[in-house]
4 protein chains.
Amino acid sequence: MSQKFVLLMHCEDAVGIIHNVTGILLRRGFNIVEQGEYVDPESHRFFLRTAVEHGESAGIEEEFRSLGLEDLWFRFSEERRHKIVLFCGKEAHCPGDLLIRHHSGELPATIEAVVSNRSDLQELVERFDVPFYHISADGISREEHESRVLKRLSEFSCDFLVLAKYMRILTAEFTASFPERIINIHHSFLPAFIGAKPYHRAHKRGVKIIGATAHFVTSDLDEGPIIAQDIEPVSHRQTVSDLIRCGHDVEKIVLARSLRLVLQHRVVIFQNRTILFD
Amino acid sequence: MSQKFVLLMHCEDAVGIIHNVTGILLRRGFNIVEQGEYVDPESHRFFLRTAVEHGESAGIEEEFRSLGLEDLWFRFSEERRHKIVLFCGKEAHCPGDLLIRHHSGELPATIEAVVSNRSDLQELVERFDVPFYHISADGISREEHESRVLKRLSEFSCDFLVLAKYMRILTAEFTASFPERIINIHHSFLPAFIGAKPYHRAHKRGVKIIGATAHFVTSDLDEGPIIAQDIEPVSHRQTVSDLIRCGHDVEKIVLARSLRLVLQHRVVIFQNRTILFD
Amino acid sequence: MSQKFVLLMHCEDAVGIIHNVTGILLRRGFNIVEQGEYVDPESHRFFLRTAVEHGESAGIEEEFRSLGLEDLWFRFSEERRHKIVLFCGKEAHCPGDLLIRHHSGELPATIEAVVSNRSDLQELVERFDVPFYHISADGISREEHESRVLKRLSEFSCDFLVLAKYMRILTAEFTASFPERIINIHHSFLPAFIGAKPYHRAHKRGVKIIGATAHFVTSDLDEGPIIAQDIEPVSHRQTVSDLIRCGHDVEKIVLARSLRLVLQHRVVIFQNRTILFD
Amino acid sequence: MSQKFVLLMHCEDAVGIIHNVTGILLRRGFNIVEQGEYVDPESHRFFLRTAVEHGESAGIEEEFRSLGLEDLWFRFSEERRHKIVLFCGKEAHCPGDLLIRHHSGELPATIEAVVSNRSDLQELVERFDVPFYHISADGISREEHESRVLKRLSEFSCDFLVLAKYMRILTAEFTASFPERIINIHHSFLPAFIGAKPYHRAHKRGVKIIGATAHFVTSDLDEGPIIAQDIEPVSHRQTVSDLIRCGHDVEKIVLARSLRLVLQHRVVIFQNRTILFD
């Protein structure tokens, strides 16, 4: 009975929603630990996040539905330790940062495995006793590679895939298999420099600030809902490789920050935008 | 009936507060436009801000009180255009910025007057057809000066006093006359460099970032509840006068931002800290 | 003889440039007040800014040229108060900010006039005794409008045109008449949201940070050399009009900052990028 | 002959310093790769950093001294991989971040060892095959503890000591043994919250921004020359433990950034302030 739950919901705005939803929770003995709301004044959409504890959850979904709220979406999740799989390329900074957080108990999730089409980070990952699966893409089609990846993923349960500088483009089929469950870090301040080699293009354009963007992956490359962004001032003195190094720090912090929001059920997606209860 | 109201409240946390408060509002026909809550996990204090419209307000205070909430504080205010008085010294950047915002209709308040112990800005202020009162402090005691200021203030209604780089220290008596109604901009990142000449001391200390702090004024100099802070990176290349110039930009933005929060009833003070519903 | 000069130069990198250039300055009795250099490791281009005083300037250009530096560009300018003309639309924040800085003596330039295709800001500008020229574009071609603007500009000397939220697109002919002399503030973090209505598109894309970019205007819309950029975090709670209001603060600060750099001869343009000696 | 050197110097400002110094370098066949200067307009102090390659270094110190510059300080160092020793407590974020950078070759130094009065991080450090020395301070005096630490340090060469959240105060004797060679990360935006438990005090004060400061350690606690600072916005919603977690990200980035500056000979100390050639 000491379980904690998080209710995430959105629906058409209407009179009395909060009153009615909190009524259900109260009658079931739940204690509200944290509550956040938002009504979008343009779409008249109502959003709610409520963290509760100590109540009776059996059948609560039915009761929410019985409120007759229009176009209702909700998720009532028990708080638990999520399982994630990291995808990486050759760069150590993002996976390394998550491995350190994982090792020191800061990451509220278990890293089940690290997957890569390259073997560069195998040695580092295995120092942390985390399984590393090198699934080469050499000489095979994108579909064949993804099918091998999916086969490997099927061996263990996995709530979220975290693309920690995984440099391959995923097919629409693959991303559709994990809706709202793939998080990517893009090394630019989206929508600036969508696509490949953003730091090279930022340097050429002579920008004075670089950035990083963590977002959910959809079938549309670099167009998924943005979770977090941050920036770092730069100057003409910085070469492309300086921008890359400097950008690494922003990337890893933004990725970790967005992952924390997702793992704590603080993110709702609506019309390709995120509502954050932070 | 098209009036808008904002409820700001805090009390001991308890089961069902939101349910009960929203119940009162609903029965009175109010439509909830915006709602924010916060429960401080340490003090177990419950905070609420609710913006409503179209309902019946007569006697609502009684009804709130009848809920029997422990240690309840609340304010149910009709949304209206506030009246403010600016206090300034010789520096134009903060008053100038507020005058421009005022003139272009961006400031959600009316500047009733500008008061100063100096006449430097009289010419500028009067260009905007705002009354300027030069109340010299030369040769008189602090108490006598404040008594002349108070006499002048008594001539018009005034919701908030805004110290827009007013460089005089106010007596405890004066500040006590305007509880939670005086906003000051301090030219440092408090609590660093409390007191006089913060930029000179920042330069001497060799800091790499300067800042500004907007806060409510209490009897304790520079110790009142902080509303907003922001910073600006600096380098060894900047002289004291560079820091001052560069700091002006932060000061005016932070002051305007905090003033907006206060005018929109988005700030609650509790135990010398602010809870912001932004 | 108490004149101050700034030397800005760039050329192919070579051995001994600094030694030779400072040699010329020393023999002429100049005292070096401030010096900055930069060598771009990719293009092997050498950049120099040197501020000097108290020396003999007559014929110095010849002496620089006689050094035989490859592909040399330089400007040896006496420090003086520049003259600028503001171009504006209906929004007061950027012109208002510059007018306040101008009035309080902070802007190191004289605002000769304000030009607009609209009359919205006439009343504000004239409060500061600055001439306002309303040149309507109604019912005439872009070329005809620009020809009327140019005619007006020909009446007074003008070092820089400052587009302080002037919402009209300039023709290639017009911009070519003022090479490296037109500064624009764009209301997005370029190259994100090039073109019209950046805040609307930022809102739709669900970004978590907005920005502003000051740049030189070239014939290529929003593609000129970037001088300064800054950003402001935003959230899903902010509507388009909130983004616009919030963006105004960034815009005006970035514009003023970049204008100061230009007026102090701290900006060199090379291959569509700026080298800043700040 | 393919050696690289960095000249760092400061002295009383005078006419012709750059000309004379570059003259020495040129005559010795050095190619100037990067050069930065700064003259402090208040103290009239001249600062120079010049990176050179391919020249003759033998006896160059004598030649610099023979210039007769007043109150000259300089260091002409060959570029080489430095050796550092980390000092840590129980928190993994700073040492972990440096270990990952070290492992992936990003850190321009070798971590010779990690020293701690606690054993918490031994297991993590040894995963990276870096020696960990647990030197307990239990039951012994501060002096005795430091003498044991010094004995251990004497076993290997070490250019810099990096206090990566080492929570013990060092004696004046210890710090005097490593002048300008100990770098500390303090978990506040100094000079705010000097001393112990800065996050607790920041929370109590209700600040809206937290920060971190990397500085050289002198005998004066938290008063040494500041190398880098950065900040992170926070809100009333964050508890002390949220501030601590959130602050960890700033701390590790600021520490790594300042360490890079020091290792690349980009920092000069003068009158307890740092001049950075970045």
# chains A, B, ... in the order shown; residues from 1 in each chain; ligands from 1
$ residues_around --residues "Arg49 in chain D" --least-positions-apart "4" --cutoff "12 Å" --atoms "only C-alpha atoms" --output "mmCIF file with C-alpha atoms, in the first residue's frame"
data_model
loop_
_atom_site.group_PDB
_atom_site.id
_atom_site.type_symbol
_atom_site.label_atom_id
_atom_site.label_comp_id
_atom_site.auth_asym_id
_atom_site.auth_seq_id
_atom_site.Cartn_x
_atom_site.Cartn_y
_atom_site.Cartn_z
ATOM 1 C CA GLY C 36 44.130 41.958 -30.224
ATOM 2 C CA GLU C 37 45.158 39.357 -32.771
ATOM 3 C CA PHE D 5 56.355 26.353 -26.409
ATOM 4 C CA VAL D 6 54.110 28.792 -24.604
ATOM 5 C CA LEU D 7 55.382 32.095 -23.278
ATOM 6 C CA LEU D 8 53.327 33.588 -20.467
ATOM 7 C CA MET D 9 54.538 36.918 -19.110
ATOM 8 C CA HIS D 10 53.524 40.096 -17.344
ATOM 9 C CA ILE D 18 55.413 43.347 -28.171
ATOM 10 C CA VAL D 21 59.468 40.191 -27.575
ATOM 11 C CA THR D 22 58.353 39.147 -31.042
ATOM 12 C CA ILE D 32 53.941 32.418 -33.719
ATOM 13 C CA VAL D 33 50.922 30.120 -33.647
ATOM 14 C CA GLU D 34 48.703 32.103 -31.314
ATOM 15 C CA GLN D 35 49.143 35.374 -29.475
ATOM 16 C CA GLY D 36 47.066 37.240 -26.928
ATOM 17 C CA GLU D 37 47.735 40.418 -25.010
ATOM 18 C CA TYR D 38 46.075 42.473 -22.363
ATOM 19 C CA PHE D 74 57.473 35.061 -17.192
ATOM 20 C CA ARG D 75 57.340 31.347 -17.883
ATOM 21 C CA PHE D 76 58.509 29.796 -21.143
ATOM 22 C CA SER D 77 57.165 26.248 -21.055
ATOM 23 C CA GLN D 264 47.031 24.753 -21.807
ATOM 24 C CA HIS D 265 48.920 27.580 -20.061
ATOM 25 C CA ARG D 266 46.062 29.993 -20.648
ATOM 26 C CA VAL D 267 45.861 31.383 -17.115
ATOM 27 C CA VAL D 268 47.999 34.087 -15.503
ATOM 28 C CA ILE D 275 43.866 36.832 -16.772
ATOM 29 C CA LEU D 276 42.546 34.213 -19.201
ATOM 30 C CA PHE D 277 43.831 33.822 -22.753
ATOM 31 C CA ASP D 278 40.939 31.769 -24.065
#
$ closest_atom_pairs --of "chain A" --to "chain D" --cutoff "9 Å" --atoms "only C-alpha atoms" --output "JSON lines"
{"residue": "A:Glu91", "atom": "CA", "partner": "D:Ser104", "partner_atom": "CA", "distance": 8.3}
{"residue": "A:Ala92", "atom": "CA", "partner": "D:Ser104", "partner_atom": "CA", "distance": 6.5}
{"residue": "A:His93", "atom": "CA", "partner": "D:Ile100", "partner_atom": "CA", "distance": 7.3}
{"residue": "A:Gly96", "atom": "CA", "partner": "D:Ile100", "partner_atom": "CA", "distance": 6.1}
{"residue": "A:Asp97", "atom": "CA", "partner": "D:Asp97", "partner_atom": "CA", "distance": 6.9}
{"residue": "A:Ile100", "atom": "CA", "partner": "D:Gly96", "partner_atom": "CA", "distance": 6.1}
{"residue": "A:Arg101", "atom": "CA", "partner": "D:His93", "partner_atom": "CA", "distance": 7.5}
{"residue": "A:His103", "atom": "CA", "partner": "D:Leu124", "partner_atom": "CA", "distance": 8.1}
{"residue": "A:Ser104", "atom": "CA", "partner": "D:Ala92", "partner_atom": "CA", "distance": 6.5}
{"residue": "A:Glu106", "atom": "CA", "partner": "D:Arg245", "partner_atom": "CA", "distance": 8.4}
{"residue": "A:Leu124", "atom": "CA", "partner": "D:His103", "partner_atom": "CA", "distance": 8.1}
{"residue": "A:Arg127", "atom": "CA", "partner": "D:Arg127", "partner_atom": "CA", "distance": 5.8}
{"residue": "A:Phe128", "atom": "CA", "partner": "D:Arg127", "partner_atom": "CA", "distance": 7.4}
{"residue": "A:Arg237", "atom": "CA", "partner": "D:Asp278", "partner_atom": "CA", "distance": 8.5}
{"residue": "A:Arg245", "atom": "CA", "partner": "D:Glu106", "partner_atom": "CA", "distance": 8.3}
{"residue": "A:Asp249", "atom": "CA", "partner": "D:Ile253", "partner_atom": "CA", "distance": 7.0}
{"residue": "A:Ile253", "atom": "CA", "partner": "D:Asp249", "partner_atom": "CA", "distance": 7.0}
{"residue": "A:Asp278", "atom": "CA", "partner": "D:Arg237", "partner_atom": "CA", "distance": 8.5}
$ write_last_selection --atoms "all heavy atoms" --output "compact mmCIF listing (two decimals), in the first residue's frame"
# COMPACT_ATOMS: atom_id res chain seq x y z
N GLU A 91 31.56 8.09 -29.91
CA GLU A 91 31.85 9.14 -28.95
C GLU A 91 31.46 8.74 -27.53
O GLU A 91 30.34 8.29 -27.28
CB GLU A 91 31.12 10.43 -29.33
CG GLU A 91 31.66 11.04 -30.62
CD GLU A 91 30.87 12.28 -31.00
OE1 GLU A 91 29.62 12.26 -30.91
OE2 GLU A 91 31.50 13.27 -31.40
N ALA A 92 32.37 8.96 -26.59
CA ALA A 92 32.20 8.45 -25.24
C ALA A 92 31.42 9.38 -24.31
O ALA A 92 30.93 8.94 -23.28
CB ALA A 92 33.57 8.18 -24.61
N HIS A 93 31.30 10.66 -24.67
CA HIS A 93 30.85 11.62 -23.65
C HIS A 93 29.43 11.36 -23.15
O HIS A 93 29.19 11.39 -21.94
CB HIS A 93 31.01 13.05 -24.14
CG HIS A 93 30.22 13.36 -25.37
ND1 HIS A 93 30.54 12.86 -26.62
CD2 HIS A 93 29.12 14.12 -25.56
CE1 HIS A 93 29.68 13.30 -27.50
NE2 HIS A 93 28.81 14.06 -26.88
N GLY A 96 29.27 7.75 -21.54
CA GLY A 96 30.13 7.80 -20.35
C GLY A 96 29.44 8.54 -19.22
O GLY A 96 29.45 8.10 -18.07
N ASP A 97 28.82 9.66 -19.54
CA ASP A 97 28.12 10.44 -18.51
C ASP A 97 26.98 9.63 -17.89
O ASP A 97 26.79 9.64 -16.68
CB ASP A 97 27.58 11.73 -19.15
CG ASP A 97 26.99 12.67 -18.13
OD1 ASP A 97 27.73 13.11 -17.23
OD2 ASP A 97 25.78 12.97 -18.22
N ILE A 100 28.36 6.83 -15.61
CA ILE A 100 28.80 7.34 -14.29
C ILE A 100 27.58 7.61 -13.41
O ILE A 100 27.54 7.24 -12.23
CB ILE A 100 29.63 8.64 -14.45
CG1 ILE A 100 30.98 8.34 -15.11
CG2 ILE A 100 29.82 9.34 -13.11
CD1 ILE A 100 32.01 7.74 -14.20
N ARG A 101 26.56 8.25 -13.97
CA ARG A 101 25.34 8.53 -13.18
C ARG A 101 24.69 7.22 -12.74
O ARG A 101 24.17 7.10 -11.62
CB ARG A 101 24.33 9.33 -14.02
CG ARG A 101 24.79 10.75 -14.35
CD ARG A 101 23.74 11.46 -15.23
NE ARG A 101 24.27 12.64 -15.89
CZ ARG A 101 24.12 13.90 -15.44
NH1 ARG A 101 23.46 14.11 -14.32
NH2 ARG A 101 24.63 14.92 -16.08
N HIS A 103 26.18 4.31 -12.33
CA HIS A 103 27.04 3.65 -11.34
C HIS A 103 26.91 4.28 -9.97
O HIS A 103 26.92 3.58 -8.95
CB HIS A 103 28.50 3.72 -11.82
CG HIS A 103 29.46 3.03 -10.90
ND1 HIS A 103 30.11 3.67 -9.88
CD2 HIS A 103 29.86 1.72 -10.85
CE1 HIS A 103 30.88 2.80 -9.24
NE2 HIS A 103 30.75 1.62 -9.81
N SER A 104 26.75 5.60 -9.93
CA SER A 104 26.67 6.25 -8.62
C SER A 104 25.23 6.34 -8.12
O SER A 104 24.97 6.97 -7.10
CB SER A 104 27.29 7.65 -8.70
OG SER A 104 26.55 8.46 -9.58
N GLU A 106 22.63 7.80 -9.40
CA GLU A 106 21.88 9.03 -9.64
C GLU A 106 20.81 8.84 -10.70
O GLU A 106 19.78 9.51 -10.69
CB GLU A 106 22.85 10.13 -10.08
CG GLU A 106 22.21 11.50 -10.15
CD GLU A 106 22.89 12.41 -11.15
OE1 GLU A 106 24.11 12.58 -11.03
OE2 GLU A 106 22.19 12.93 -12.05
N LEU A 124 35.06 0.50 -22.75
CA LEU A 124 34.60 1.40 -21.69
C LEU A 124 33.34 0.87 -21.02
O LEU A 124 33.24 0.81 -19.79
CB LEU A 124 34.31 2.80 -22.27
CG LEU A 124 33.65 3.79 -21.31
CD1 LEU A 124 34.57 4.14 -20.15
CD2 LEU A 124 33.23 5.08 -22.04
N ARG A 127 33.78 -2.01 -18.64
CA ARG A 127 34.36 -1.64 -17.33
C ARG A 127 33.28 -1.45 -16.28
O ARG A 127 33.53 -1.53 -15.09
CB ARG A 127 35.17 -0.34 -17.46
CG ARG A 127 36.56 -0.53 -18.05
CD ARG A 127 37.30 0.79 -18.18
NE ARG A 127 38.55 0.58 -18.91
CZ ARG A 127 39.74 0.40 -18.31
NH1 ARG A 127 39.85 0.45 -17.01
NH2 ARG A 127 40.83 0.19 -19.04
N PHE A 128 32.07 -1.12 -16.73
CA PHE A 128 30.96 -0.89 -15.80
C PHE A 128 30.07 -2.14 -15.68
O PHE A 128 28.97 -2.07 -15.12
CB PHE A 128 30.12 0.31 -16.27
CG PHE A 128 30.81 1.62 -16.07
CD1 PHE A 128 31.59 2.18 -17.08
CD2 PHE A 128 30.71 2.30 -14.87
CE1 PHE A 128 32.24 3.39 -16.89
CE2 PHE A 128 31.35 3.51 -14.68
CZ PHE A 128 32.12 4.06 -15.70
N ARG A 237 37.07 32.33 -32.46
CA ARG A 237 38.33 31.65 -32.14
C ARG A 237 38.19 30.13 -32.17
O ARG A 237 39.18 29.41 -32.25
CB ARG A 237 38.84 32.05 -30.75
CG ARG A 237 39.19 33.51 -30.67
CD ARG A 237 39.95 33.87 -29.40
NE ARG A 237 40.41 35.25 -29.50
CZ ARG A 237 41.59 35.61 -29.99
NH1 ARG A 237 42.45 34.69 -30.36
NH2 ARG A 237 41.89 36.88 -30.10
N ARG A 245 34.06 19.68 -29.27
CA ARG A 245 34.42 19.39 -27.88
C ARG A 245 33.53 20.16 -26.91
O ARG A 245 32.99 19.61 -25.95
CB ARG A 245 35.88 19.75 -27.64
CG ARG A 245 36.35 19.53 -26.21
CD ARG A 245 37.81 19.90 -26.02
NE ARG A 245 38.14 21.21 -26.54
CZ ARG A 245 37.75 22.36 -26.01
NH1 ARG A 245 36.98 22.37 -24.94
NH2 ARG A 245 38.11 23.51 -26.55
N ASP A 249 29.83 18.88 -23.95
CA ASP A 249 29.38 19.17 -22.58
C ASP A 249 27.89 19.51 -22.55
O ASP A 249 27.17 19.08 -21.65
CB ASP A 249 30.20 20.32 -21.98
CG ASP A 249 31.59 19.87 -21.56
OD1 ASP A 249 31.86 18.66 -21.59
OD2 ASP A 249 32.41 20.73 -21.21
N ILE A 253 24.70 17.01 -20.83
CA ILE A 253 23.85 17.56 -19.77
C ILE A 253 22.39 17.59 -20.23
O ILE A 253 21.48 17.22 -19.47
CB ILE A 253 24.32 18.98 -19.38
CG1 ILE A 253 25.78 18.97 -18.88
CG2 ILE A 253 23.39 19.60 -18.35
CD1 ILE A 253 26.03 18.16 -17.63
N ASP A 278 7.87 20.21 -14.63
CA ASP A 278 9.16 20.17 -13.92
C ASP A 278 9.19 21.19 -12.80
O ASP A 278 8.18 21.78 -12.47
CB ASP A 278 10.31 20.41 -14.90
CG ASP A 278 10.12 21.68 -15.71
OD1 ASP A 278 9.02 22.29 -15.67
OD2 ASP A 278 11.05 22.06 -16.41
$ select_by_dssp --residues "range 32-210 of chain D" --states "helix (DSSP H, G or I)" --output "PyMOL selection string"
chain D and resi 60-65+93-103+122-127+142-153+172-177+198-205
$ write_last_selection --atoms "N, CA and C atoms" --output "CSV table (one decimal), in the first residue's frame"
chain,number,residue,atom,x,y,z
D,60,ILE,N,66.9,31.4,-24.1
D,60,ILE,CA,65.9,32.4,-24.4
D,60,ILE,C,65.5,33.2,-23.1
D,61,GLU,N,65.5,32.5,-22.0
D,61,GLU,CA,65.2,33.2,-20.7
D,61,GLU,C,66.1,34.4,-20.5
D,62,GLU,N,67.4,34.2,-20.7
D,62,GLU,CA,68.3,35.3,-20.6
D,62,GLU,C,68.0,36.5,-21.4
D,63,GLU,N,67.6,36.1,-22.7
D,63,GLU,CA,67.3,37.2,-23.6
D,63,GLU,C,66.0,38.0,-23.2
D,64,PHE,N,65.0,37.3,-22.7
D,64,PHE,CA,63.8,38.0,-22.2
D,64,PHE,C,64.2,38.9,-21.1
D,65,ARG,N,65.1,38.4,-20.1
D,65,ARG,CA,65.5,39.2,-19.0
D,65,ARG,C,66.3,40.4,-19.4
D,93,HIS,N,30.5,12.6,-9.2
D,93,HIS,CA,30.3,13.3,-10.4
D,93,HIS,C,31.6,14.0,-11.0
D,94,CYS,N,32.3,14.7,-10.1
D,94,CYS,CA,33.5,15.4,-10.7
D,94,CYS,C,34.6,14.4,-11.0
D,95,PRO,N,35.0,13.5,-10.1
D,95,PRO,CA,36.1,12.6,-10.5
D,95,PRO,C,35.6,11.7,-11.7
D,96,GLY,N,34.3,11.3,-11.7
D,96,GLY,CA,33.8,10.4,-12.7
D,96,GLY,C,33.9,11.1,-14.1
D,97,ASP,N,33.5,12.4,-14.1
D,97,ASP,CA,33.6,13.1,-15.3
D,97,ASP,C,35.0,13.2,-15.9
D,98,LEU,N,36.0,13.5,-15.0
D,98,LEU,CA,37.4,13.6,-15.4
D,98,LEU,C,37.9,12.2,-15.8
D,99,LEU,N,37.5,11.2,-15.2
D,99,LEU,CA,37.9,9.8,-15.5
D,99,LEU,C,37.5,9.5,-16.9
D,100,ILE,N,36.2,9.8,-17.3
D,100,ILE,CA,35.7,9.5,-18.6
D,100,ILE,C,36.5,10.4,-19.6
D,101,ARG,N,36.7,11.6,-19.4
D,101,ARG,CA,37.4,12.5,-20.3
D,101,ARG,C,38.9,11.9,-20.5
D,102,HIS,N,39.4,11.5,-19.4
D,102,HIS,CA,40.8,10.9,-19.4
D,102,HIS,C,40.8,9.7,-20.2
D,103,HIS,N,39.8,8.8,-20.0
D,103,HIS,CA,39.8,7.5,-20.7
D,103,HIS,C,39.6,7.7,-22.2
D,122,GLN,N,36.8,4.3,-4.4
D,122,GLN,CA,37.9,3.4,-4.8
D,122,GLN,C,37.5,2.4,-5.9
D,123,GLU,N,36.3,1.8,-5.7
D,123,GLU,CA,35.8,0.8,-6.7
D,123,GLU,C,35.7,1.4,-8.1
D,124,LEU,N,35.1,2.7,-8.1
D,124,LEU,CA,34.9,3.3,-9.4
D,124,LEU,C,36.2,3.7,-10.1
D,125,VAL,N,37.1,4.2,-9.3
D,125,VAL,CA,38.4,4.7,-9.9
D,125,VAL,C,39.2,3.5,-10.4
D,126,GLU,N,39.2,2.4,-9.7
D,126,GLU,CA,40.0,1.3,-10.1
D,126,GLU,C,39.4,0.6,-11.3
D,127,ARG,N,38.1,0.8,-11.6
D,127,ARG,CA,37.6,0.3,-12.9
D,127,ARG,C,38.4,1.0,-14.1
D,142,ARG,N,45.1,17.1,11.5
D,142,ARG,CA,45.1,17.6,10.1
D,142,ARG,C,46.5,17.5,9.6
D,143,GLU,N,47.5,17.9,10.4
D,143,GLU,CA,48.9,18.0,10.0
D,143,GLU,C,49.4,16.6,9.7
D,144,GLU,N,49.0,15.6,10.6
D,144,GLU,CA,49.5,14.3,10.4
D,144,GLU,C,48.9,13.7,9.1
D,145,HIS,N,47.6,14.0,8.8
D,145,HIS,CA,47.0,13.5,7.6
D,145,HIS,C,47.7,14.1,6.4
D,146,GLU,N,47.9,15.4,6.4
D,146,GLU,CA,48.6,16.0,5.3
D,146,GLU,C,50.0,15.5,5.1
D,147,SER,N,50.6,15.2,6.1
D,147,SER,CA,52.0,14.6,6.0
D,147,SER,C,51.9,13.2,5.3
D,148,ARG,N,50.9,12.5,5.6
D,148,ARG,CA,50.7,11.2,5.0
D,148,ARG,C,50.4,11.4,3.5
D,149,VAL,N,49.6,12.4,3.2
D,149,VAL,CA,49.2,12.6,1.8
D,149,VAL,C,50.5,13.1,1.0
D,150,LEU,N,51.3,14.0,1.6
D,150,LEU,CA,52.5,14.5,1.0
D,150,LEU,C,53.5,13.3,0.7
D,151,LYS,N,53.6,12.4,1.7
D,151,LYS,CA,54.5,11.3,1.5
D,151,LYS,C,54.1,10.5,0.3
D,152,ARG,N,52.8,10.3,0.2
D,152,ARG,CA,52.2,9.5,-1.0
D,152,ARG,C,52.5,10.3,-2.3
D,153,LEU,N,52.3,11.6,-2.3
D,153,LEU,CA,52.5,12.4,-3.5
D,153,LEU,C,53.9,12.4,-3.9
D,172,ALA,N,47.5,26.0,5.6
D,172,ALA,CA,48.3,27.0,4.9
D,172,ALA,C,49.7,26.4,4.5
D,173,GLU,N,50.2,25.6,5.3
D,173,GLU,CA,51.5,24.9,4.9
D,173,GLU,C,51.4,24.1,3.7
D,174,PHE,N,50.3,23.3,3.7
D,174,PHE,CA,50.1,22.4,2.5
D,174,PHE,C,49.9,23.2,1.2
D,175,THR,N,49.0,24.2,1.3
D,175,THR,CA,48.8,25.0,0.1
D,175,THR,C,50.0,25.7,-0.4
D,176,ALA,N,50.8,26.2,0.6
D,176,ALA,CA,52.0,26.9,0.2
D,176,ALA,C,53.0,26.0,-0.5
D,177,SER,N,52.9,24.7,-0.3
D,177,SER,CA,53.8,23.8,-1.0
D,177,SER,C,53.5,23.6,-2.5
D,198,PRO,N,26.9,25.2,1.1
D,198,PRO,CA,26.4,26.3,0.3
D,198,PRO,C,25.0,26.1,-0.3
D,199,TYR,N,24.7,24.8,-0.6
D,199,TYR,CA,23.3,24.6,-1.2
D,199,TYR,C,22.3,24.7,-0.1
D,200,HIS,N,22.6,24.3,1.1
D,200,HIS,CA,21.6,24.5,2.1
D,200,HIS,C,21.3,26.0,2.4
D,201,ARG,N,22.4,26.7,2.3
D,201,ARG,CA,22.2,28.2,2.6
D,201,ARG,C,21.6,28.8,1.4
D,202,ALA,N,21.9,28.4,0.2
D,202,ALA,CA,21.2,29.0,-1.0
D,202,ALA,C,19.7,28.7,-1.0
D,203,HIS,N,19.4,27.5,-0.5
D,203,HIS,CA,17.9,27.1,-0.4
D,203,HIS,C,17.2,28.0,0.6
D,204,LYS,N,17.9,28.2,1.7
D,204,LYS,CA,17.3,29.0,2.8
D,204,LYS,C,17.1,30.4,2.3
D,205,ARG,N,18.1,30.9,1.6
D,205,ARG,CA,18.1,32.3,1.2
D,205,ARG,C,17.1,32.5,0.0
$ closest_residue --among "B:Val130, B:Val207, B:Val240, B:Ile269" --to "Glu42 in chain D" --atoms "only C-alpha atoms"
B:Val240
$ atom_distance --atom1 "CA of Leu69 in chain B" --atom2 "CA of Lys4 in chain B"
24.4 Å
$ select_by_dssp --residues "range 3-49 of chain B" --states "strand (DSSP E)" --output "VMD selection string"
chain B and resid 4 to 12 31 to 40 45 to 49
$ residues_around --residues "Glu223 in chain C" --least-positions-apart "4" --cutoff "12 Å" --atoms "only C-alpha atoms" --output "list in words"
Lys204, Arg205, Gly206 and Val207 of chain A; Asn184, His186, Leu190, Pro191, Ala192, Phe193, Ile194, Gly195, Thr213, Ala214, His215, Phe216, Val217, Thr218, Ser219, Ile227, Gln271, Asn272 and Arg273 of chain C
$ write_last_selection --atoms "C-alpha atoms" --output "compact mmCIF listing (two decimals), in the first residue's frame"
# COMPACT_ATOMS: atom_id res chain seq x y z
CA LYS A 204 30.71 28.04 -41.50
CA ARG A 205 27.68 30.19 -40.67
CA GLY A 206 29.68 31.99 -37.98
CA VAL A 207 27.14 31.57 -35.17
CA ASN C 184 19.76 44.30 -38.42
CA HIS C 186 16.46 39.35 -36.39
CA LEU C 190 19.59 32.30 -36.78
CA PRO C 191 19.81 30.14 -38.82
CA ALA C 192 16.70 28.77 -37.09
CA PHE C 193 13.52 30.42 -38.37
CA ILE C 194 14.93 32.45 -41.21
CA GLY C 195 12.25 34.69 -42.69
CA THR C 213 20.54 37.63 -33.79
CA ALA C 214 22.20 40.91 -34.77
CA HIS C 215 23.90 40.75 -38.15
CA PHE C 216 25.16 42.84 -41.01
CA VAL C 217 22.71 43.03 -43.87
CA THR C 218 23.81 41.70 -47.22
CA SER C 219 21.77 41.04 -50.34
CA ILE C 227 27.66 39.94 -34.82
CA GLN C 271 34.12 35.24 -45.61
CA ASN C 272 30.70 36.09 -44.18
CA ARG C 273 31.84 35.60 -40.58
